[in-house]
Amino acid sequence: MEYSTLLLEKVGEIMVLKLNLPDALNPMTQEMSLEFRQAIEQIGGDPEIKGLILTGSGQAFSAGGNLKEMKYRTEAPPFRHKEEVRQFYRKFLSIRNLKIPTIAAVNGYAIGAGACLLLACDIRIASEKAKFGFTF
């Protein structure tokens, strides 16, 4: 399956899932959340896959939430905003449903929700260039 915001590559029995919006530092967009859940379902349904490596394309793992989309959410009534945000993050946290080991390979910036996503993985490995920020 082709994704517009993700790259999926099978290397032997390991699947590599890359967040792939490198020009914007891999922000977690609405479109990416939908594709991410689909990719996790695809990976979980493949009995040949024994592990998953999650990383980002370019110089960032993920800069976190997409600020343009977040601005839109501030215009919504608070009760709707709360449920939209929950549904959005649940799609990314579906990685916790996998029955295989998950490894976050942090190659650069991991900020906000991007840092939280890597914490949902079983193991985290960071390059010397990795930078973490919980900027909520």
# chains A, B, ... in the order shown; residues from 1 in each chain; ligands from 1
>>> select_by_dssp(residues="chain A", states="strand (DSSP E)", output="VMD selection string")
chain A and resid 6 to 11 14 to 19 27 to 28 51 to 56 60 to 62 64 to 65 102 to 106 109 to 111 123 to 126 131 to 133
>>> write_last_selection(atoms="N, CA and C atoms", output="CSV table (one decimal), in the first residue's frame")
chain,number,residue,atom,x,y,z
A,6,LEU,N,3.9,8.7,4.8
A,6,LEU,CA,4.7,7.6,5.4
A,6,LEU,C,5.5,6.9,4.3
A,7,LEU,N,6.6,6.3,4.7
A,7,LEU,CA,7.3,5.3,3.9
A,7,LEU,C,7.3,4.0,4.7
A,8,LEU,N,7.1,2.9,4.0
A,8,LEU,CA,7.0,1.6,4.6
A,8,LEU,C,8.0,0.7,3.8
A,9,GLU,N,8.9,0.1,4.5
A,9,GLU,CA,9.9,-0.7,3.8
A,9,GLU,C,10.1,-2.0,4.7
A,10,LYS,N,10.0,-3.1,4.0
A,10,LYS,CA,10.2,-4.4,4.6
A,10,LYS,C,11.6,-4.8,4.4
A,11,VAL,N,12.4,-5.1,5.5
A,11,VAL,CA,13.7,-5.5,5.4
A,11,VAL,C,13.8,-6.9,6.1
A,14,ILE,N,11.8,-7.5,9.4
A,14,ILE,CA,11.6,-6.2,10.1
A,14,ILE,C,10.9,-5.2,9.1
A,15,MET,N,10.0,-4.5,9.7
A,15,MET,CA,9.3,-3.4,8.9
A,15,MET,C,9.9,-2.1,9.4
A,16,VAL,N,10.3,-1.2,8.5
A,16,VAL,CA,10.7,0.1,8.8
A,16,VAL,C,9.6,1.1,8.4
A,17,LEU,N,9.1,1.9,9.4
A,17,LEU,CA,8.1,2.8,9.1
A,17,LEU,C,8.7,4.2,9.3
A,18,LYS,N,8.7,5.0,8.3
A,18,LYS,CA,9.2,6.4,8.4
A,18,LYS,C,8.1,7.4,8.2
A,19,LEU,N,8.1,8.4,9.2
A,19,LEU,CA,7.3,9.5,9.0
A,19,LEU,C,7.9,10.3,7.9
A,27,PRO,N,5.7,16.7,10.8
A,27,PRO,CA,4.7,17.0,11.7
A,27,PRO,C,3.6,16.0,11.7
A,28,MET,N,2.9,15.8,12.8
A,28,MET,CA,1.8,14.8,12.9
A,28,MET,C,0.5,15.5,12.4
A,51,GLY,N,9.3,-7.5,13.9
A,51,GLY,CA,9.6,-6.3,14.6
A,51,GLY,C,9.4,-5.0,13.7
A,52,LEU,N,9.3,-3.9,14.4
A,52,LEU,CA,9.0,-2.6,13.7
A,52,LEU,C,10.0,-1.6,14.2
A,53,ILE,N,10.6,-0.9,13.2
A,53,ILE,CA,11.5,0.3,13.5
A,53,ILE,C,10.7,1.5,13.0
A,54,LEU,N,10.5,2.5,13.9
A,54,LEU,CA,9.8,3.7,13.6
A,54,LEU,C,10.8,4.8,13.6
A,55,THR,N,10.9,5.6,12.6
A,55,THR,CA,11.8,6.7,12.5
A,55,THR,C,11.2,7.8,11.6
A,56,GLY,N,12.0,8.9,11.4
A,56,GLY,CA,11.6,10.0,10.6
A,56,GLY,C,12.5,10.2,9.4
A,60,ALA,N,14.6,15.1,11.2
A,60,ALA,CA,13.8,15.0,12.4
A,60,ALA,C,13.0,13.7,12.5
A,61,PHE,N,12.8,13.3,13.8
A,61,PHE,CA,11.9,12.2,14.0
A,61,PHE,C,10.5,12.7,13.8
A,62,SER,N,10.1,13.7,14.6
A,62,SER,CA,8.9,14.5,14.4
A,62,SER,C,8.9,15.7,15.2
A,64,GLY,N,6.3,17.1,16.1
A,64,GLY,CA,5.1,17.1,16.9
A,64,GLY,C,3.9,17.5,16.1
A,65,GLY,N,2.9,18.1,16.7
A,65,GLY,CA,1.6,18.4,16.1
A,65,GLY,C,1.8,19.5,15.0
A,102,THR,N,8.6,-3.0,19.1
A,102,THR,CA,8.7,-1.7,18.4
A,102,THR,C,9.9,-0.9,18.9
A,103,ILE,N,10.6,-0.4,17.9
A,103,ILE,CA,11.8,0.4,18.2
A,103,ILE,C,11.7,1.8,17.6
A,104,ALA,N,11.8,2.8,18.4
A,104,ALA,CA,11.9,4.2,17.9
A,104,ALA,C,13.4,4.5,17.6
A,105,ALA,N,13.7,4.8,16.4
A,105,ALA,CA,15.1,5.2,16.0
A,105,ALA,C,15.0,6.7,15.8
A,106,VAL,N,15.5,7.4,16.8
A,106,VAL,CA,15.4,8.9,16.9
A,106,VAL,C,16.6,9.5,16.2
A,109,TYR,N,15.2,15.9,15.8
A,109,TYR,CA,14.2,16.5,16.7
A,109,TYR,C,13.0,15.5,16.9
A,110,ALA,N,12.7,15.4,18.2
A,110,ALA,CA,11.5,14.7,18.7
A,110,ALA,C,10.8,15.7,19.7
A,111,ILE,N,9.8,16.4,19.2
A,111,ILE,CA,9.2,17.5,20.0
A,111,ILE,C,7.8,17.2,20.3
A,123,ILE,N,11.2,0.2,22.7
A,123,ILE,CA,12.7,0.5,22.9
A,123,ILE,C,12.9,1.8,22.1
A,124,ARG,N,13.8,2.7,22.6
A,124,ARG,CA,14.1,3.9,22.0
A,124,ARG,C,15.6,4.0,21.8
A,125,ILE,N,16.1,4.3,20.6
A,125,ILE,CA,17.5,4.5,20.3
A,125,ILE,C,17.6,5.8,19.7
A,126,ALA,N,18.6,6.6,20.3
A,126,ALA,CA,18.7,8.0,19.8
A,126,ALA,C,20.1,8.2,19.2
A,131,LYS,N,17.3,15.5,19.6
A,131,LYS,CA,16.9,16.6,20.6
A,131,LYS,C,15.5,16.3,21.0
A,132,PHE,N,15.2,16.3,22.3
A,132,PHE,CA,13.9,16.0,22.8
A,132,PHE,C,13.3,17.3,23.4
A,133,GLY,N,12.0,17.5,23.2
A,133,GLY,CA,11.3,18.6,23.9
A,133,GLY,C,9.9,18.2,24.1
>>> residues_around(residues="Glu13 (chain A)", least_positions_apart="3", cutoff="6 Å", atoms="only C-alpha atoms", output="VMD selection string")
chain A and resid 48 to 50
>>> closest_residue(among="A:Ser33, A:Asn97, A:Gln38, A:Ser57", to="Leu21 (chain A)", atoms="only C-alpha atoms")
A:Ser57
>>> atom_distance(atom1="CA of Met1 (chain A)", atom2="CA of Ala39 (chain A)")
8.4 Å
>>> atom_distance(atom1="CA of Glu31 (chain A)", atom2="CA of Tyr3 (chain A)")
9.7 Å
>>> select_by_dssp(residues="chain A", states="alpha helix (DSSP H)", output="number ranges by chain")
A: 30-44, 67-74, 78-93, 113-119
>>> atom_distance(atom1="CA of Glu84 (chain A)", atom2="CA of Gly108 (chain A)")
28.1 Å
